[in-house]
file input_5.cif (mmCIF, C-alpha atoms and all ligand atoms)
data_coords
loop_
_atom_site.label_atom_id
_atom_site.label_comp_id
_atom_site.auth_asym_id
_atom_site.auth_seq_id
_atom_site.Cartn_x
_atom_site.Cartn_y
_atom_site.Cartn_z
CA MET H 1 185.29 -36.70 229.50
CA GLN H 2 186.98 -37.42 226.19
CA ASP H 3 188.23 -34.43 224.20
CA GLU H 4 187.69 -32.04 227.11
CA PRO H 5 190.08 -30.74 229.76
CA PRO H 6 190.13 -33.32 232.57
CA VAL H 7 187.87 -33.24 235.60
CA VAL H 8 189.58 -34.63 238.69
CA VAL H 9 187.70 -35.34 241.93
CA LEU H 10 189.67 -34.97 245.16
CA ARG H 11 188.14 -36.71 248.14
CA LEU H 12 189.51 -34.70 251.06
CA GLY H 13 189.36 -36.54 254.38
CA HIS H 14 188.43 -40.11 255.14
CA ARG H 15 187.65 -41.59 258.54
CA PRO H 16 188.71 -45.24 258.47
CA GLY H 17 185.80 -47.53 259.28
CA ARG H 18 183.14 -44.84 259.20
CA ASP H 19 183.71 -43.47 255.67
CA GLU H 20 184.54 -46.61 253.67
CA ARG H 21 181.28 -46.84 251.71
CA MET H 22 180.96 -43.09 251.31
CA THR H 23 184.44 -42.82 249.83
CA THR H 24 183.81 -45.79 247.52
CA HIS H 25 180.59 -44.17 246.35
CA VAL H 26 182.31 -40.82 245.76
CA GLY H 27 184.62 -42.74 243.44
CA LEU H 28 181.88 -44.68 241.69
CA THR H 29 179.83 -41.53 241.22
CA ALA H 30 182.81 -39.61 239.86
CA ARG H 31 183.46 -42.42 237.37
CA ALA H 32 179.86 -42.96 236.30
CA LEU H 33 179.08 -39.27 235.87
CA GLY H 34 181.96 -38.20 233.68
CA ALA H 35 184.99 -37.32 235.83
CA ASP H 36 188.35 -38.58 234.55
CA ARG H 37 190.19 -39.27 237.77
CA LEU H 38 189.76 -39.71 241.53
CA VAL H 39 192.39 -38.71 244.06
CA LEU H 40 192.16 -40.36 247.47
CA GLU H 41 194.18 -39.65 250.53
CA ALA H 42 196.34 -42.36 252.02
CA ALA H 43 193.82 -43.26 254.74
CA ALA H 44 191.38 -44.20 251.95
CA SER H 45 193.84 -46.24 249.87
CA GLY H 46 191.84 -49.44 250.49
CA ARG H 47 188.98 -47.99 248.40
CA LYS H 48 191.13 -47.73 245.30
CA GLU H 49 190.83 -51.42 244.49
CA THR H 50 187.03 -51.41 244.59
CA VAL H 51 186.72 -48.49 242.18
CA THR H 52 189.44 -49.88 239.91
CA ASP H 53 187.70 -53.25 239.86
CA ILE H 54 184.46 -51.63 238.67
CA THR H 55 186.41 -49.79 235.95
CA ASP H 56 188.03 -53.06 234.86
CA ARG H 57 184.64 -54.75 234.60
CA PHE H 58 182.42 -51.98 233.28
CA GLY H 59 184.91 -49.82 231.40
CA GLY H 60 186.73 -46.54 231.49
CA PRO H 61 188.84 -44.63 231.10
CA PHE H 62 188.94 -43.71 234.78
CA GLU H 63 192.03 -43.40 236.95
CA VAL H 64 192.34 -43.66 240.73
CA GLU H 65 195.39 -42.45 242.58
CA VAL H 66 196.38 -42.13 246.22
CA THR H 67 198.33 -39.24 247.70
CA ASP H 68 199.79 -38.60 251.13
CA GLN H 69 199.67 -34.85 250.35
CA PRO H 70 195.98 -34.13 249.58
CA LEU H 71 196.25 -30.45 250.43
CA GLY H 72 199.38 -30.31 248.30
CA ARG H 73 197.16 -31.29 245.33
CA VAL H 74 195.00 -28.26 245.99
CA ARG H 75 198.03 -25.98 246.41
CA SER H 76 199.78 -27.11 243.26
CA TRP H 77 196.73 -27.64 241.00
CA ASP H 78 197.26 -26.16 237.55
CA GLY H 79 193.70 -25.29 236.59
CA ALA H 80 190.45 -24.23 238.21
CA ILE H 81 189.14 -25.51 241.55
CA ALA H 82 185.50 -26.04 242.52
CA HIS H 83 184.97 -26.92 246.18
CA LEU H 84 181.56 -28.37 246.98
CA THR H 85 180.23 -27.04 250.26
CA MET H 86 176.82 -26.22 251.70
CA TYR H 87 178.17 -22.73 252.46
CA GLY H 88 179.03 -21.96 248.83
CA GLN H 89 177.35 -20.04 246.01
CA PRO H 90 174.30 -21.78 244.56
CA VAL H 91 175.34 -24.13 241.76
CA GLN H 92 172.64 -22.71 239.50
CA ASP H 93 174.25 -19.24 239.80
CA VAL H 94 177.83 -20.28 239.01
CA GLU H 95 177.50 -23.27 236.67
CA ASP H 96 177.76 -21.19 233.47
CA GLU H 97 180.99 -19.57 234.62
CA ILE H 98 182.46 -22.89 235.76
CA ARG H 99 181.59 -24.47 232.40
CA SER H 100 183.20 -21.63 230.54
CA VAL H 101 186.39 -21.90 232.64
CA HIS H 102 186.42 -25.67 232.19
CA ARG H 103 186.32 -25.31 228.41
CA GLU H 104 189.85 -23.90 228.71
CA GLU H 105 191.45 -25.67 231.66
CA PRO H 106 191.36 -28.74 233.91
CA LEU H 107 188.96 -28.67 236.83
CA LEU H 108 189.64 -30.03 240.32
CA VAL H 109 186.41 -30.81 242.21
CA VAL H 110 186.99 -31.06 245.97
CA VAL H 111 184.55 -32.89 248.23
CA GLY H 112 185.03 -33.34 251.96
CA ALA H 113 184.24 -36.00 254.49
CA GLU H 114 184.22 -33.92 257.63
CA LYS H 115 185.35 -30.34 258.26
CA VAL H 116 187.38 -29.04 255.31
CA PRO H 117 190.36 -26.76 256.15
CA PHE H 118 189.59 -23.09 255.50
CA GLU H 119 192.55 -22.93 253.15
CA VAL H 120 190.47 -24.89 250.62
CA TYR H 121 187.72 -22.25 250.72
CA GLU H 122 190.37 -19.62 250.03
CA ARG H 123 192.18 -21.48 247.26
CA ALA H 124 189.00 -22.54 245.46
CA ASP H 125 187.97 -20.49 242.44
CA PHE H 126 184.40 -21.51 243.20
CA ASN H 127 182.85 -22.60 246.48
CA VAL H 128 179.69 -24.27 245.25
CA GLY H 129 176.56 -25.17 247.19
CA VAL H 130 174.14 -27.74 245.82
CA THR H 131 171.43 -26.10 247.85
CA ASN H 132 172.66 -24.48 251.05
CA GLN H 133 171.35 -27.39 253.07
CA PRO H 134 173.54 -30.04 254.66
CA HIS H 135 173.43 -33.36 252.81
CA SER H 136 175.98 -35.65 251.23
CA GLU H 137 179.17 -35.39 249.19
CA ILE H 138 177.86 -38.11 246.90
CA ALA H 139 174.63 -36.27 246.14
CA ALA H 140 176.46 -32.94 245.77
CA LEU H 141 178.99 -34.47 243.39
CA ALA H 142 176.30 -36.12 241.26
CA VAL H 143 174.29 -32.93 240.82
CA PHE H 144 177.43 -30.87 240.22
CA LEU H 145 178.80 -33.16 237.50
CA ASP H 146 175.43 -33.42 235.78
CA ARG H 147 175.17 -29.60 235.73
CA LEU H 148 178.77 -29.26 234.56
CA PHE H 149 178.30 -31.66 231.64
CA GLU H 150 174.67 -30.65 231.01
CA GLY H 151 173.65 -34.30 230.87
CA ARG H 152 176.19 -35.30 228.20
CA GLU H 153 177.81 -37.70 230.69
CA LEU H 154 174.67 -39.87 230.50
CA GLU H 155 175.50 -40.71 226.88
CA ARG H 156 179.22 -41.39 227.24
CA GLU H 157 180.82 -44.49 225.81
CA TRP H 158 182.84 -46.90 227.92
CA ARG H 159 186.06 -48.42 226.63
CA ASP H 160 187.72 -51.73 227.48
CA ALA H 161 184.75 -53.08 229.41
CA GLU H 162 184.43 -56.78 230.20
CA LYS H 163 180.69 -56.50 230.89
CA ARG H 164 177.89 -54.39 229.59
CA VAL H 165 174.44 -53.90 231.05
CA VAL H 166 171.68 -54.13 228.46
CA PRO H 167 168.93 -51.83 229.69
CA GLN H 168 165.65 -53.62 230.41
CA ALA H 169 162.19 -52.33 231.18
CA ALA H 170 162.13 -55.07 233.83
CA GLY H 171 164.74 -57.57 234.93
CA LYS H 172 168.50 -57.66 234.62
CA ARG H 173 170.65 -58.43 231.60
CA VAL H 174 174.44 -58.27 231.64
CA ILE H 175 176.45 -59.52 228.66
CA ASP H 176 180.14 -59.93 227.87
CA ALA H 177 181.18 -56.76 226.10
CA ASP H 178 182.67 -58.76 223.22
CA GLU H 179 179.27 -60.47 222.60
CA GLU H 180 178.01 -57.39 220.77
C1 LIG N 201 179.06 -34.37 255.77
S1 LIG N 201 179.42 -33.04 254.72
C2 LIG N 201 180.32 -31.96 255.74
C3 LIG N 201 179.46 -30.79 256.02
C4 LIG N 201 180.19 -29.48 256.14
N1 LIG N 201 179.47 -28.71 257.13
C5 LIG N 201 180.37 -28.70 254.82
O1 LIG N 201 179.57 -28.75 253.85
O2 LIG N 201 181.39 -28.03 254.68
C6 LIG N 201 180.69 -33.73 253.71
C7 LIG N 201 180.84 -33.05 252.38
O3 LIG N 201 179.61 -33.10 251.70
C8 LIG N 201 179.56 -32.05 250.74
N2 LIG N 201 178.30 -31.32 250.93
C9 LIG N 201 177.39 -31.50 251.90
N3 LIG N 201 176.33 -30.70 251.71
C10 LIG N 201 176.58 -30.01 250.58
C11 LIG N 201 175.85 -29.03 249.84
N4 LIG N 201 174.66 -28.60 250.24
N5 LIG N 201 176.41 -28.53 248.73
C12 LIG N 201 177.62 -28.94 248.31
N6 LIG N 201 178.36 -29.87 248.96
C13 LIG N 201 177.84 -30.41 250.07
C14 LIG N 201 180.80 -31.18 251.00
O4 LIG N 201 181.79 -31.46 250.03
C15 LIG N 201 181.24 -31.61 252.39
O5 LIG N 201 182.62 -31.43 252.57
#

call {"tool": "encode", "arguments": {"input": "input_5.cif", "output": "structure tokens", "more": "lines below"}}
Ligand SMILES: C[S@@+](CC[C@H](N)C(=O)[O-])C[C@H]1O[C@@H](n2cnc3c(N)ncnc32)[C@H](O)[C@@H]1O
result
Amino acid sequence: MQDEPPVVVLRLGHRPGRDERMTTHVGLTARALGADRLVLEAAASGRKETVTDITDRFGGPFEVEVTDQPLGRVRSWDGAIAHLTMYGQPVQDVEDEIRSVHREEPLLVVVGAEKVPFEVYERADFNVGVTNQPHSEIAALAVFLDRLFEGRELEREWRDAEKRVVPQAAGKRVIDADEE
């Protein structure tokens, strides 16, 4: 988020066909819940447009990039790495330490699609479990980011939006952002 070291989400793995919506939703969740950037691997490059389109309409800043060297991103990352995995340390036990590291340096958050290479477990500064039960990278990412930002991401402001949702107790209201 603004005025903080960046949080970058790396979506490691993508099975064409099967993972299209999951990868899109990893990106939308990263954007909505305070991450600054999403890195997709080349097989997922088709998802970039969808996430970018949402950013164009509903605001940013949020960047999406595609790499053909996803593991290279992990190897060369200049900052801390949190890898979300059901085998990791409970998020509630490590969140304070991750927050304190993130005050000083950028954070790479790695989420998988299928089996993640063991190298990632070794290179990660934190292997983090959001429960030690199998579930979803989208759910794990959402809980992790909310814990990292302690809810501040819910109040963030969006820049350069075309549209803005006006919260309603019932019904839907979307206005042009320049109508305000
Ligand atoms: C379908 S799961 C793959 C399951 C795999 N056995 C694992 O967690 O390493 C896809 C991704 O969801 C995330 N994930 C699933 N369950 C999780 C949990 N309990 N805590 C944190 N991340 C989780 C991980 O990033 C994982 O790579």

call {"tool": "closest_residue", "arguments": {"input": "input_5.cif", "among": "H:Ile54, H:Ala43, H:Val9, H:Met1", "to": "ligand LIG 201 (chain N)", "atoms": "only C-alpha atoms and all ligand atoms"}}
result
H:Val9

call {"tool": "residues_near_ligand", "arguments": {"input": "input_5.cif", "ligand": "ligand LIG 201 (chain N)", "cutoff": "10 Å", "atoms": "all atoms listed in the file", "output": "PyMOL selection string"}}
result
chain H and resi 10-13+22+82-91+109-118+121+127-141+143-144

call {"tool": "write_last_selection", "arguments": {"input": "input_5.cif", "atoms": "C-alpha atoms", "output": "PDB file, in the frame of the given file"}}
result
ATOM      1  CA  LEU H  10     189.670 -34.970 245.160  1.00  0.00           C
ATOM      2  CA  ARG H  11     188.140 -36.710 248.140  1.00  0.00           C
ATOM      3  CA  LEU H  12     189.510 -34.700 251.060  1.00  0.00           C
ATOM      4  CA  GLY H  13     189.360 -36.540 254.380  1.00  0.00           C
ATOM      5  CA  MET H  22     180.960 -43.090 251.310  1.00  0.00           C
ATOM      6  CA  ALA H  82     185.500 -26.040 242.520  1.00  0.00           C
ATOM      7  CA  HIS H  83     184.970 -26.920 246.180  1.00  0.00           C
ATOM      8  CA  LEU H  84     181.560 -28.370 246.980  1.00  0.00           C
ATOM      9  CA  THR H  85     180.230 -27.040 250.260  1.00  0.00           C
ATOM     10  CA  MET H  86     176.820 -26.220 251.700  1.00  0.00           C
ATOM     11  CA  TYR H  87     178.170 -22.730 252.460  1.00  0.00           C
ATOM     12  CA  GLY H  88     179.030 -21.960 248.830  1.00  0.00           C
ATOM     13  CA  GLN H  89     177.350 -20.040 246.010  1.00  0.00           C
ATOM     14  CA  PRO H  90     174.300 -21.780 244.560  1.00  0.00           C
ATOM     15  CA  VAL H  91     175.340 -24.130 241.760  1.00  0.00           C
ATOM     16  CA  VAL H 109     186.410 -30.810 242.210  1.00  0.00           C
ATOM     17  CA  VAL H 110     186.990 -31.060 245.970  1.00  0.00           C
ATOM     18  CA  VAL H 111     184.550 -32.890 248.230  1.00  0.00           C
ATOM     19  CA  GLY H 112     185.030 -33.340 251.960  1.00  0.00           C
ATOM     20  CA  ALA H 113     184.240 -36.000 254.490  1.00  0.00           C
ATOM     21  CA  GLU H 114     184.220 -33.920 257.630  1.00  0.00           C
ATOM     22  CA  LYS H 115     185.350 -30.340 258.260  1.00  0.00           C
ATOM     23  CA  VAL H 116     187.380 -29.040 255.310  1.00  0.00           C
ATOM     24  CA  PRO H 117     190.360 -26.760 256.150  1.00  0.00           C
ATOM     25  CA  PHE H 118     189.590 -23.090 255.500  1.00  0.00           C
ATOM     26  CA  TYR H 121     187.720 -22.250 250.720  1.00  0.00           C
ATOM     27  CA  ASN H 127     182.850 -22.600 246.480  1.00  0.00           C
ATOM     28  CA  VAL H 128     179.690 -24.270 245.250  1.00  0.00           C
ATOM     29  CA  GLY H 129     176.560 -25.170 247.190  1.00  0.00           C
ATOM     30  CA  VAL H 130     174.140 -27.740 245.820  1.00  0.00           C
ATOM     31  CA  THR H 131     171.430 -26.100 247.850  1.00  0.00           C
ATOM     32  CA  ASN H 132     172.660 -24.480 251.050  1.00  0.00           C
ATOM     33  CA  GLN H 133     171.350 -27.390 253.070  1.00  0.00           C
ATOM     34  CA  PRO H 134     173.540 -30.040 254.660  1.00  0.00           C
ATOM     35  CA  HIS H 135     173.430 -33.360 252.810  1.00  0.00           C
ATOM     36  CA  SER H 136     175.980 -35.650 251.230  1.00  0.00           C
ATOM     37  CA  GLU H 137     179.170 -35.390 249.190  1.00  0.00           C
ATOM     38  CA  ILE H 138     177.860 -38.110 246.900  1.00  0.00           C
ATOM     39  CA  ALA H 139     174.630 -36.270 246.140  1.00  0.00           C
ATOM     40  CA  ALA H 140     176.460 -32.940 245.770  1.00  0.00           C
ATOM     41  CA  LEU H 141     178.990 -34.470 243.390  1.00  0.00           C
ATOM     42  CA  VAL H 143     174.290 -32.930 240.820  1.00  0.00           C
ATOM     43  CA  PHE H 144     177.430 -30.870 240.220  1.00  0.00           C
TER      44      PHE H 144
END

call {"tool": "atom_distance", "arguments": {"input": "input_5.cif", "atom1": "CA of Lys163 (chain H)", "atom2": "CA of Asp178 (chain H)"}}
result
8.2 Å

call {"tool": "axis_aligned_box", "arguments": {"input": "input_5.cif", "around": "region 146-154 of chain H", "padding_each_side": "4 Å", "output": "JSON"}}
result
{"center_x": 176.2, "center_y": -34.6, "center_z": 232.0, "size_x": 13.1, "size_y": 18.6, "size_z": 15.6}

call {"tool": "closest_residue", "arguments": {"input": "input_5.cif", "among": "H:Arg73, H:Gly59, H:Ala35, H:Pro16", "to": "Arg47 (chain H)", "atoms": "only C-alpha atoms"}}
result
H:Pro16

call {"tool": "atom_distance", "arguments": {"input": "input_5.cif", "atom1": "CA of Val51 (chain H)", "atom2": "CA of Thr67 (chain H)"}}
result
15.8 Å

call {"tool": "closest_residue", "arguments": {"input": "input_5.cif", "among": "H:Ser100, H:Gln168, H:Gln69, H:Ser76", "to": "Ala124 (chain H)", "atoms": "all atoms listed in the file"}}
result
H:Ser76

call {"tool": "atom_distance", "arguments": {"input": "input_5.cif", "atom1": "CA of Phe126 (chain H)", "atom2": "CA of Gly72 (chain H)"}}
result
18.1 Å

call {"tool": "closest_residue", "arguments": {"input": "input_5.cif", "among": "H:Leu148, H:Ala161, H:Val166, H:Val26", "to": "Glu4 (chain H)", "atoms": "all atoms listed in the file"}}
result
H:Leu148

call {"tool": "residues_near_point", "arguments": {"input": "input_5.cif", "point": "(175.7, -24.3, 231.3)", "cutoff": "9 Å", "atoms": "all atoms listed in the file", "output": "list of chain:residue names"}}
result
H:Gln92, H:Val94, H:Glu95, H:Asp96, H:Glu97, H:Ile98, H:Arg99, H:Ser100, H:Arg147, H:Leu148, H:Phe149, H:Glu150

call {"tool": "residues_around", "arguments": {"input": "input_5.cif", "residues": "Asp160 (chain H)", "least_positions_apart": "4", "cutoff": "9 Å", "atoms": "only C-alpha atoms", "output": "ChimeraX atom specification"}}
result
/H:55-61,177

call {"tool": "write_last_selection", "arguments": {"input": "input_5.cif", "atoms": "C-alpha atoms", "output": "mmCIF file, in the frame of the given file"}}
result
data_model
loop_
_atom_site.group_PDB
_atom_site.id
_atom_site.type_symbol
_atom_site.label_atom_id
_atom_site.label_comp_id
_atom_site.auth_asym_id
_atom_site.auth_seq_id
_atom_site.Cartn_x
_atom_site.Cartn_y
_atom_site.Cartn_z
ATOM 1 C CA THR H 55 186.410 -49.790 235.950
ATOM 2 C CA ASP H 56 188.030 -53.060 234.860
ATOM 3 C CA ARG H 57 184.640 -54.750 234.600
ATOM 4 C CA PHE H 58 182.420 -51.980 233.280
ATOM 5 C CA GLY H 59 184.910 -49.820 231.400
ATOM 6 C CA GLY H 60 186.730 -46.540 231.490
ATOM 7 C CA PRO H 61 188.840 -44.630 231.100
ATOM 8 C CA ALA H 177 181.180 -56.760 226.100
#

call {"tool": "closest_residue", "arguments": {"input": "input_5.cif", "among": "H:Glu119, H:Asp125, H:Asp93, H:Glu41", "to": "Gly79 (chain H)", "atoms": "all atoms listed in the file"}}
result
H:Asp125

call {"tool": "closest_residue", "arguments": {"input": "input_5.cif", "among": "H:Arg156, H:Arg75, H:Arg31, H:Arg21", "to": "Asp53 (chain H)", "atoms": "all atoms listed in the file"}}
result
H:Arg31
